[in-house]
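The data block below is model.txt; it holds compact mmCIF, C-alpha atoms.
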# COMPACT_ATOMS: atom_id res chain seq x y z
CA MET A 1 37.08 -38.91 3.47
CA ARG A 2 34.45 -37.75 1.02
CA PHE A 3 33.47 -39.77 -2.03
CA ALA A 4 31.68 -38.74 -5.20
CA VAL A 5 29.48 -41.65 -6.26
CA VAL A 6 28.68 -41.20 -9.96
CA GLN A 7 25.17 -41.94 -11.20
CA PHE A 8 24.86 -42.90 -14.83
CA PRO A 9 21.47 -43.62 -16.39
CA GLY A 10 21.08 -47.28 -15.47
CA SER A 11 23.39 -47.34 -12.43
CA ASN A 12 21.68 -49.30 -9.67
CA CYS A 13 24.27 -49.72 -6.91
CA ASP A 14 24.85 -46.00 -6.36
CA GLN A 15 22.62 -45.75 -3.28
CA ASP A 16 24.17 -48.91 -1.81
CA CYS A 17 27.64 -47.39 -2.17
CA VAL A 18 26.57 -44.17 -0.46
CA HIS A 19 24.95 -46.17 2.34
CA ALA A 20 27.96 -48.44 2.85
CA LEU A 21 30.40 -45.51 2.91
CA GLN A 22 28.25 -43.71 5.46
CA VAL A 23 28.00 -46.84 7.61
CA LEU A 24 31.81 -46.85 7.56
CA GLY A 25 31.90 -43.27 8.77
CA GLN A 26 32.76 -41.70 5.43
CA GLU A 27 31.04 -38.90 3.57
CA ALA A 28 29.44 -39.59 0.20
CA ARG A 29 27.59 -37.51 -2.34
CA LEU A 30 25.78 -38.59 -5.49
CA VAL A 31 27.05 -36.98 -8.68
CA TRP A 32 24.92 -37.04 -11.84
CA HIS A 33 26.92 -38.09 -14.92
CA GLU A 34 26.23 -34.77 -16.66
CA GLU A 35 28.05 -32.87 -13.95
CA THR A 36 31.70 -32.06 -14.53
CA LYS A 37 33.18 -31.32 -11.13
CA ILE A 38 35.15 -33.66 -8.91
CA ASP A 39 36.83 -31.92 -5.97
CA PRO A 40 40.59 -32.40 -5.66
CA GLU A 41 40.34 -34.06 -2.26
CA GLU A 42 37.47 -36.42 -3.14
CA GLY A 43 37.53 -40.09 -3.94
CA VAL A 44 35.41 -41.34 -6.85
CA ILE A 45 33.21 -44.43 -7.01
CA LEU A 46 31.81 -45.70 -10.30
CA PRO A 47 29.05 -48.00 -9.04
CA GLY A 48 27.54 -51.15 -10.44
CA GLY A 49 24.51 -51.37 -12.66
CA PHE A 50 23.73 -51.28 -16.35
CA SER A 51 24.80 -47.84 -17.52
CA TYR A 52 23.01 -46.98 -20.76
CA GLY A 53 21.42 -50.41 -20.75
CA ASP A 54 24.81 -51.96 -21.58
CA TYR A 55 24.24 -50.75 -25.15
CA LEU A 56 26.99 -51.54 -27.67
CA ARG A 57 29.30 -52.94 -24.96
CA CYS A 58 29.13 -52.67 -21.17
CA GLY A 59 30.52 -49.27 -20.22
CA ALA A 60 31.13 -48.19 -23.83
CA ILE A 61 28.68 -45.28 -23.77
CA ALA A 62 29.16 -44.23 -20.13
CA ARG A 63 32.78 -43.60 -20.94
CA PHE A 64 31.72 -40.54 -22.96
CA SER A 65 29.62 -39.01 -20.18
CA PRO A 66 30.71 -35.46 -19.29
CA ILE A 67 31.80 -36.48 -15.77
CA MET A 68 34.35 -38.97 -17.13
CA LYS A 69 36.75 -36.23 -18.19
CA SER A 70 36.95 -35.11 -14.56
CA VAL A 71 37.25 -38.71 -13.36
CA LYS A 72 40.24 -39.19 -15.67
CA GLN A 73 41.85 -36.00 -14.41
CA ALA A 74 41.22 -37.06 -10.81
CA ALA A 75 42.87 -40.43 -11.53
CA GLU A 76 45.86 -38.71 -13.13
CA ARG A 77 46.20 -36.44 -10.09
CA GLY A 78 46.44 -39.56 -7.94
CA GLN A 79 42.96 -39.38 -6.41
CA VAL A 80 41.27 -42.62 -5.49
CA VAL A 81 38.95 -44.05 -8.16
CA VAL A 82 37.08 -47.31 -7.56
CA GLY A 83 35.02 -49.00 -10.25
CA ILE A 84 32.77 -51.77 -9.01
CA CYS A 85 31.25 -54.22 -11.49
CA ASN A 86 29.82 -51.97 -14.23
CA GLY A 87 32.22 -49.33 -12.89
CA PHE A 88 35.13 -51.72 -13.61
CA GLN A 89 33.80 -52.18 -17.14
CA ILE A 90 33.63 -48.40 -17.58
CA LEU A 91 37.22 -47.95 -16.30
CA CYS A 92 38.45 -50.50 -18.85
CA GLU A 93 36.50 -48.89 -21.70
CA ALA A 94 37.86 -45.49 -20.64
CA GLY A 95 41.42 -46.81 -20.70
CA LEU A 96 42.03 -46.08 -17.01
CA LEU A 97 42.61 -49.81 -16.53
CA PRO A 98 43.91 -52.25 -19.15
CA GLY A 99 41.98 -55.19 -20.59
CA ALA A 100 38.28 -55.81 -21.09
CA LEU A 101 35.40 -57.65 -19.45
CA THR A 102 33.58 -60.05 -21.71
CA ARG A 103 30.64 -62.43 -21.50
CA ASN A 104 30.94 -64.96 -18.68
CA GLU A 105 32.44 -68.18 -19.98
CA GLY A 106 29.41 -70.22 -18.92
CA LEU A 107 27.10 -67.58 -20.47
CA HIS A 108 25.10 -67.32 -17.24
CA PHE A 109 24.47 -64.21 -15.21
CA ARG A 110 26.07 -65.14 -11.86
CA CYS A 111 24.59 -63.63 -8.71
CA GLU A 112 26.06 -65.26 -5.61
CA PRO A 113 28.64 -64.88 -2.83
CA THR A 114 32.12 -65.66 -4.16
CA TRP A 115 35.46 -66.34 -2.54
CA ILE A 116 38.25 -64.03 -3.54
CA ARG A 117 41.84 -64.03 -2.32
CA VAL A 118 43.85 -60.94 -1.50
CA GLU A 119 47.04 -61.20 -3.55
CA THR A 120 49.03 -58.43 -1.93
CA PRO A 121 48.47 -55.90 0.84
CA ALA A 122 50.60 -53.44 -1.15
CA SER A 123 47.84 -51.02 -2.14
CA ARG A 124 45.55 -48.80 -0.15
CA PHE A 125 42.61 -51.01 -1.20
CA THR A 126 44.14 -54.16 0.27
CA SER A 127 46.06 -52.59 3.16
CA HIS A 128 43.56 -53.97 5.68
CA TYR A 129 44.28 -57.54 4.68
CA GLY A 130 47.15 -59.97 4.61
CA THR A 131 48.52 -61.81 1.56
CA GLY A 132 46.33 -64.82 0.84
CA GLU A 133 43.50 -63.63 3.07
CA MET A 134 40.17 -64.87 1.79
CA LEU A 135 37.09 -62.70 1.48
CA LYS A 136 33.53 -63.75 0.76
CA ILE A 137 32.01 -61.05 -1.43
CA PRO A 138 28.92 -61.16 -3.65
CA ILE A 139 29.13 -60.93 -7.42
CA ALA A 140 26.27 -60.10 -9.79
CA HIS A 141 27.25 -59.91 -13.43
CA GLY A 142 26.84 -61.43 -16.87
CA GLU A 143 30.00 -59.94 -18.37
CA GLY A 144 32.82 -60.24 -15.88
CA CYS A 145 35.25 -62.47 -17.71
CA TYR A 146 38.52 -60.50 -17.60
CA ARG A 147 40.57 -60.66 -20.79
CA ALA A 148 43.83 -58.96 -21.76
CA SER A 149 46.77 -59.69 -24.05
CA PRO A 150 49.49 -62.02 -22.69
CA GLU A 151 51.82 -59.01 -22.43
CA ILE A 152 49.34 -57.04 -20.32
CA LEU A 153 48.65 -60.06 -18.09
CA GLN A 154 52.36 -60.53 -17.59
CA GLU A 155 52.78 -56.85 -16.72
CA LEU A 156 49.88 -56.96 -14.24
CA GLU A 157 51.43 -59.98 -12.53
CA ALA A 158 54.98 -58.59 -12.53
CA GLN A 159 53.85 -55.31 -11.02
CA GLN A 160 51.60 -57.04 -8.47
CA ARG A 161 48.59 -55.22 -9.81
CA VAL A 162 46.27 -58.21 -9.54
CA LEU A 163 44.85 -57.37 -6.11
CA PHE A 164 42.06 -59.96 -5.97
CA ARG A 165 41.74 -63.42 -7.50
CA TYR A 166 38.79 -65.80 -7.49
CA CYS A 167 39.49 -68.97 -5.52
CA ASN A 168 37.71 -71.98 -4.07
CA ALA A 169 36.78 -72.33 -0.39
CA GLU A 170 40.31 -73.60 0.32
CA GLY A 171 41.87 -70.51 -1.21
CA GLN A 172 43.17 -72.33 -4.28
CA GLU A 173 43.23 -70.59 -7.62
CA VAL A 174 41.30 -73.25 -9.55
CA ARG A 175 38.74 -73.32 -12.34
CA GLU A 176 35.90 -74.31 -9.98
CA GLY A 177 36.42 -71.16 -7.95
CA ASN A 178 36.30 -68.96 -11.02
CA PRO A 179 32.69 -67.89 -11.66
CA ASN A 180 33.19 -66.30 -15.07
CA GLY A 181 36.32 -67.73 -16.68
CA SER A 182 38.51 -64.67 -16.10
CA SER A 183 42.14 -65.01 -17.21
CA HIS A 184 44.42 -65.74 -14.24
CA ASN A 185 41.25 -65.87 -12.07
CA ILE A 186 41.38 -62.09 -11.96
CA ALA A 187 38.65 -60.46 -9.84
CA GLY A 188 40.24 -57.04 -9.35
CA ILE A 189 43.21 -55.03 -10.60
CA CYS A 190 44.72 -51.62 -10.00
CA ASN A 191 46.53 -49.15 -12.22
CA ASN A 192 50.25 -48.53 -12.20
CA GLY A 193 49.86 -45.64 -9.74
CA ARG A 194 47.86 -47.98 -7.47
CA ASN A 195 45.16 -45.34 -6.94
CA VAL A 196 42.61 -46.75 -9.42
CA LEU A 197 40.88 -50.03 -8.55
CA GLY A 198 38.49 -52.04 -10.68
CA LEU A 199 36.78 -55.15 -9.35
CA MET A 200 33.76 -57.23 -10.29
CA PRO A 201 32.69 -58.29 -6.73
CA HIS A 202 30.56 -55.84 -4.73
CA PRO A 203 32.29 -54.82 -1.45
CA GLU A 204 29.46 -52.36 -0.71
CA ARG A 205 27.09 -55.29 -0.37
CA CYS A 206 28.98 -56.81 2.55
CA CYS A 207 29.79 -54.04 4.99
CA GLU A 208 27.21 -54.87 7.66
CA ALA A 209 26.72 -58.10 9.61
CA GLU A 210 22.96 -58.11 8.88
CA MET A 211 23.79 -58.17 5.16
CA GLY A 212 25.50 -61.51 5.60
CA GLY A 213 29.10 -60.44 6.04
CA VAL A 214 31.54 -57.61 6.54
CA ASP A 215 34.41 -58.79 4.33
CA GLY A 216 34.05 -55.77 2.03
CA ARG A 217 34.65 -53.18 4.72
CA GLY A 218 38.42 -53.20 4.44
CA ILE A 219 38.33 -52.45 0.72
CA LEU A 220 36.20 -49.33 1.13
CA LEU A 221 37.98 -48.22 4.31
CA GLY A 222 41.30 -48.73 2.57
CA ALA A 223 40.04 -46.66 -0.36
CA ALA A 224 39.13 -43.96 2.17
CA GLY A 225 42.64 -44.07 3.57
CA VAL A 226 41.48 -45.20 7.00
CA GLY A 227 44.34 -46.98 8.75
CA ARG A 228 44.72 -50.71 9.04
CA LYS A 229 42.36 -52.97 10.96
CA ILE A 230 39.29 -51.50 12.55
CA MET B 231 32.77 -75.28 -47.47
CA MET B 232 30.33 -72.38 -47.78
CA LYS B 233 30.22 -69.25 -45.73
CA ALA B 234 26.99 -67.43 -44.98
CA ILE B 235 26.83 -63.94 -43.60
CA VAL B 236 23.49 -62.94 -42.18
CA THR B 237 23.00 -59.27 -41.36
CA VAL B 238 20.06 -58.57 -39.10
CA THR B 239 18.79 -55.01 -38.81
CA LEU B 240 15.84 -53.39 -37.08
CA LYS B 241 13.01 -52.42 -39.44
CA PRO B 242 13.17 -48.69 -40.21
CA SER B 243 9.91 -48.12 -38.32
CA ILE B 244 11.33 -49.59 -35.09
CA LEU B 245 12.97 -47.22 -32.61
CA ASP B 246 16.60 -48.13 -31.85
CA PRO B 247 17.47 -46.75 -28.40
CA GLN B 248 20.91 -48.37 -28.58
CA GLY B 249 21.68 -46.58 -31.83
CA GLU B 250 20.42 -43.33 -30.31
CA ALA B 251 22.68 -43.78 -27.28
CA VAL B 252 25.67 -44.31 -29.58
CA ALA B 253 24.73 -41.20 -31.57
CA HIS B 254 24.57 -39.32 -28.27
CA ALA B 255 28.05 -40.60 -27.30
CA LEU B 256 29.42 -39.52 -30.70
CA ASN B 257 28.05 -36.08 -30.00
CA HIS B 258 29.93 -36.06 -26.67
CA MET B 259 33.06 -37.14 -28.56
CA GLY B 260 32.70 -34.00 -30.63
CA VAL B 261 31.87 -35.83 -33.87
CA LYS B 262 29.61 -33.64 -36.00
CA GLY B 263 27.24 -34.50 -38.83
CA VAL B 264 26.12 -38.01 -37.81
CA LYS B 265 22.41 -37.94 -38.58
CA SER B 266 21.48 -41.33 -37.24
CA VAL B 267 22.96 -44.58 -35.92
CA ARG B 268 21.20 -47.93 -36.28
CA ILE B 269 22.71 -51.08 -34.78
CA GLY B 270 22.20 -54.58 -36.10
CA LYS B 271 23.87 -57.98 -35.92
CA HIS B 272 26.44 -59.58 -38.20
CA ILE B 273 26.29 -63.37 -37.99
CA GLU B 274 28.76 -65.67 -39.76
CA LEU B 275 28.06 -69.34 -40.40
CA GLU B 276 30.42 -71.91 -41.94
CA ILE B 277 28.57 -74.77 -43.57
CA GLU B 278 29.83 -78.06 -44.92
CA GLY B 279 28.16 -79.98 -47.73
CA GLY B 280 24.89 -79.39 -49.61
CA GLU B 281 24.28 -77.65 -52.93
CA GLU B 282 23.80 -73.90 -53.01
CA LYS B 283 20.10 -73.77 -53.88
CA GLY B 284 18.98 -76.03 -51.03
CA LEU B 285 21.40 -74.31 -48.70
CA ARG B 286 19.98 -70.89 -49.48
CA ALA B 287 16.46 -72.08 -48.70
CA LYS B 288 17.66 -73.60 -45.44
CA LEU B 289 19.48 -70.40 -44.47
CA GLU B 290 16.39 -68.32 -45.25
CA GLU B 291 14.50 -70.54 -42.84
CA ILE B 292 17.21 -70.31 -40.17
CA SER B 293 17.27 -66.54 -40.54
CA LYS B 294 13.49 -66.23 -40.22
CA GLU B 295 13.06 -68.74 -37.42
CA LEU B 296 16.03 -68.04 -35.21
CA LEU B 297 18.47 -65.35 -36.29
CA SER B 298 15.88 -62.61 -36.71
CA ASN B 299 12.45 -61.74 -35.43
CA PRO B 300 10.37 -60.89 -38.52
CA VAL B 301 8.06 -58.75 -36.41
CA MET B 302 10.70 -56.10 -35.92
CA GLU B 303 13.77 -57.10 -37.91
CA ASN B 304 14.89 -57.54 -41.52
CA PHE B 305 17.73 -59.79 -42.57
CA HIS B 306 20.08 -59.91 -45.51
CA LEU B 307 21.69 -63.17 -46.56
CA ASP B 308 25.07 -63.35 -48.27
CA LEU B 309 26.22 -66.82 -49.29
CA ARG B 310 29.68 -67.39 -50.70
CA ALA B 311 32.18 -70.17 -51.27
CA GLY B 312 35.13 -70.64 -48.93
CA GLY B 313 35.69 -70.77 -45.16
Output the file's structure in the form of structure tokens.
Amino acid sequence: MRFAVVQFPGSNCDQDCVHALQVLGQEARLVWHEETKIDPEEGVILPGGFSYGDYLRCGAIARFSPIMKSVKQAAERGQVVVGICNGFQILCEAGLLPGALTRNEGLHFRCEPTWIRVETPASRFTSHYGTGEMLKIPIAHGEGCYRASPEILQELEAQQRVLFRYCNAEGQEVREGNPNGSSHNIAGICNNGRNVLGLMPHPERCCEAEMGGVDGRGILLGAAGVGRKI
Amino acid sequence: MMKAIVTVTLKPSILDPQGEAVAHALNHMGVKGVKSVRIGKHIELEIEGGEEKGLRAKLEEISKELLSNPVMENFHLDLRAGG
């Protein structure tokens, strides 16, 4: 499958995403944020970084980039859209995912491998995994604390849209395993149509053994629609 | 209980790239006629005890020493009664 990886001014994980997708046998092209065309059969990746220097709020300005209109249309058509880290923040600001990402509870920028737990295989992004399967995936963010109203949180839970939750090394959903204080230990959620994923951890950083792990492969392969288990 | 509101703004001579980025986004939104955007900070403090005169002097000091950088920022202090 081909992916359009969007480059905003200040994106810095765009090349990593392209590389990881290619390593996984997928096609990827870089798309400058001023472009306006997403092909109907493409997937979209909004990569990590600091779009527009995180001015005003993370993702607040990127949301108004010309390409975002096409990204919204692609999402509405049911195309795959994945927002990683800053991309997740942009998806929330753009209203493609509910809630917001705020300053980490401990105020620190956290850059380290983190355990996350797959909550349900019922989405293309988690189809390579089993319920409760644990993945070790790096995070690198200062504003990844997921917040939403109690009603939204309840809806996300009821519809099984929390796909990934931070956990400790034993797979328990506890405060110690939560690097940023996110509500319900949320690390990643999808939209109602289950074609838009936002997550703070960086799957593109763990797709090759020499990078310290391959736990992120299934997420990107799942996004690409490649069948279960490689 | 006194409430102090300190507004910190960049000096007019200092370039505000954040404000410019917001102006740019407004343009993309289709909003016309915004000539410039400057972004500052709004800081609220609740203070117990002390008489107003001494408090004002203390807040001036706090604003100069911590809340703003006098090299590039101005601040405005608003002190009022109530929480």
Enumerate, in order of chain and increasing residue number, the residues of chain B with an atom no farther than 7 Å from chain A, each with its shortest atom pair and distance in Å to one decimal, counting all atoms listed in the file, as a Markdown table.
| residue | atom | partner | partner_atom | distance |
| --- | --- | --- | --- | --- |
| B:Gln248 | CA | A:Tyr55 | CA | 5.3 |
| B:Val252 | CA | A:Ile61 | CA | 6.6 |
| B:Ala255 | CA | A:Phe64 | CA | 5.7 |
| B:His258 | CA | A:Phe64 | CA | 6.1 |
| B:Met259 | CA | A:Phe64 | CA | 6.7 |
Write the residues of the preceding selection, restricted to C-alpha atoms, as a PDB file, keeping the file's coordinate frame.
ATOM      1  CA  GLN B 248      20.910 -48.370 -28.580  1.00  0.00           C
ATOM      2  CA  VAL B 252      25.670 -44.310 -29.580  1.00  0.00           C
ATOM      3  CA  ALA B 255      28.050 -40.600 -27.300  1.00  0.00           C
ATOM      4  CA  HIS B 258      29.930 -36.060 -26.670  1.00  0.00           C
ATOM      5  CA  MET B 259      33.060 -37.140 -28.560  1.00  0.00           C
TER       6      MET B 259
END
So what do you get for CA of Val44 in chain A versus CA of Phe164 in chain A, distance-wise?
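Answer for the CA of Val44 in chain A to CA of Phe164 in chain A separation: 19.8 Å.
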Contacts of range 26-30 of chain A at 9 Å or less, counting all atoms listed in the file, minus same-chain residues fewer than 4 places along, as an mmCIF file with C-alpha atoms, keeping the file's coordinate frame?
data_model
loop_
_atom_site.group_PDB
_atom_site.id
_atom_site.type_symbol
_atom_site.label_atom_id
_atom_site.label_comp_id
_atom_site.auth_asym_id
_atom_site.auth_seq_id
_atom_site.Cartn_x
_atom_site.Cartn_y
_atom_site.Cartn_z
ATOM 1 C CA MET A 1 37.080 -38.910 3.470
ATOM 2 C CA ARG A 2 34.450 -37.750 1.020
ATOM 3 C CA PHE A 3 33.470 -39.770 -2.030
ATOM 4 C CA ALA A 4 31.680 -38.740 -5.200
ATOM 5 C CA VAL A 5 29.480 -41.650 -6.260
ATOM 6 C CA VAL A 6 28.680 -41.200 -9.960
ATOM 7 C CA GLN A 7 25.170 -41.940 -11.200
ATOM 8 C CA ASP A 14 24.850 -46.000 -6.360
ATOM 9 C CA GLN A 15 22.620 -45.750 -3.280
ATOM 10 C CA CYS A 17 27.640 -47.390 -2.170
ATOM 11 C CA VAL A 18 26.570 -44.170 -0.460
ATOM 12 C CA HIS A 19 24.950 -46.170 2.340
ATOM 13 C CA ALA A 20 27.960 -48.440 2.850
ATOM 14 C CA LEU A 21 30.400 -45.510 2.910
ATOM 15 C CA GLN A 22 28.250 -43.710 5.460
ATOM 16 C CA LEU A 221 37.980 -48.220 4.310
ATOM 17 C CA ALA A 224 39.130 -43.960 2.170
#
Straight-line distance linking CA of Glu204 in chain A with CA of Gln159 in chain A, stated in Å to one decimal:
26.6 Å
Need to verify the contact set: Val267 in chain B, 10 Å, all atoms listed in the file, exclusion of same-chain residues closer than 2 positions in sequence. Can you return it as a PyMOL selection string?
chain B and resi 246-254+256+264-265+269
Find, counting only C-alpha atoms, the residue in A:Glu35, A:Glu42, A:Glu133, A:Glu119 that gets nearest to Leu163 in chain A.
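Answer, going by the shortest atom-to-atom distance: A:Glu119.
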What lies within 7 Å of range 76-83 of chain A using only C-alpha atoms, ignoring chain neighbours under 4 positions off, as a list in words?
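My reading of the contact set: Gly43, Val44, Ile45, Leu46, Pro47, Lys72, Gly87, Phe88, Leu91, Asn195, Val196, Leu197, Gly198, Leu199 and Ala223 of chain A.
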Which residues, written as a PyMOL selection string, have at least one atom at most 10 Å from Asn299 in chain B, with all atoms listed in the file counted and residues fewer than 5 positions away on the same chain left out?
chain B and resi 238-240+293-294+304-305
Please produce a file of those selected residues containing C-alpha atoms, as a PDB file, keeping the file's coordinate frame.
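So selection_34.pdb came out as:
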ATOM      1  CA  VAL B 238      20.060 -58.570 -39.100  1.00  0.00           C
ATOM      2  CA  THR B 239      18.790 -55.010 -38.810  1.00  0.00           C
ATOM      3  CA  LEU B 240      15.840 -53.390 -37.080  1.00  0.00           C
ATOM      4  CA  SER B 293      17.270 -66.540 -40.540  1.00  0.00           C
ATOM      5  CA  LYS B 294      13.490 -66.230 -40.220  1.00  0.00           C
ATOM      6  CA  ASN B 304      14.890 -57.540 -41.520  1.00  0.00           C
ATOM      7  CA  PHE B 305      17.730 -59.790 -42.570  1.00  0.00           C
TER       8      PHE B 305
END
Give me, please, the distance in Å between CA of Glu290 in chain B and CA of Leu307 in chain B, quoted to one decimal.
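Interatomic distance here is 7.5 Å.
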Met231 in chain B: which residues within 8 Å, counting only C-alpha atoms, same-chain residues fewer than 3 positions away excluded, as an MDAnalysis selection string?
chainID B and resid 276:279 311:313
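If you measure from each of B:Glu281, B:Arg286, B:Glu303, B:Leu275 to Ile244 in chain B using all atoms listed in the file, the closest one turns out to be B:Glu303.
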Hey, which of B:Val261, B:Leu309, B:Ile292, B:Leu285 ends up closest to Ala234 in chain B? Count all atoms listed in the file.
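When distances to Ala234 in chain B are compared using all atoms listed in the file, the smallest one comes from B:Leu309.
Using only C-alpha atoms, the smallest distance between any of A:Pro201, A:Pro113, A:Pro98, A:Gly48 and Asn168 in chain A comes from A:Pro113.
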Local residues around (22.8, -48.5, -11.6), at most 6 Å away, using only C-alpha atoms, as a tab-separated table (two decimals) with C-alpha atoms, keeping the file's coordinate frame:
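Wrote it out as selection.tsv, contents follow:
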chain	number	residue	atom	x	y	z
A	10	GLY	CA	21.08	-47.28	-15.47
A	11	SER	CA	23.39	-47.34	-12.43
A	12	ASN	CA	21.68	-49.30	-9.67
A	13	CYS	CA	24.27	-49.72	-6.91
A	48	GLY	CA	27.54	-51.15	-10.44
A	49	GLY	CA	24.51	-51.37	-12.66
A	50	PHE	CA	23.73	-51.28	-16.35
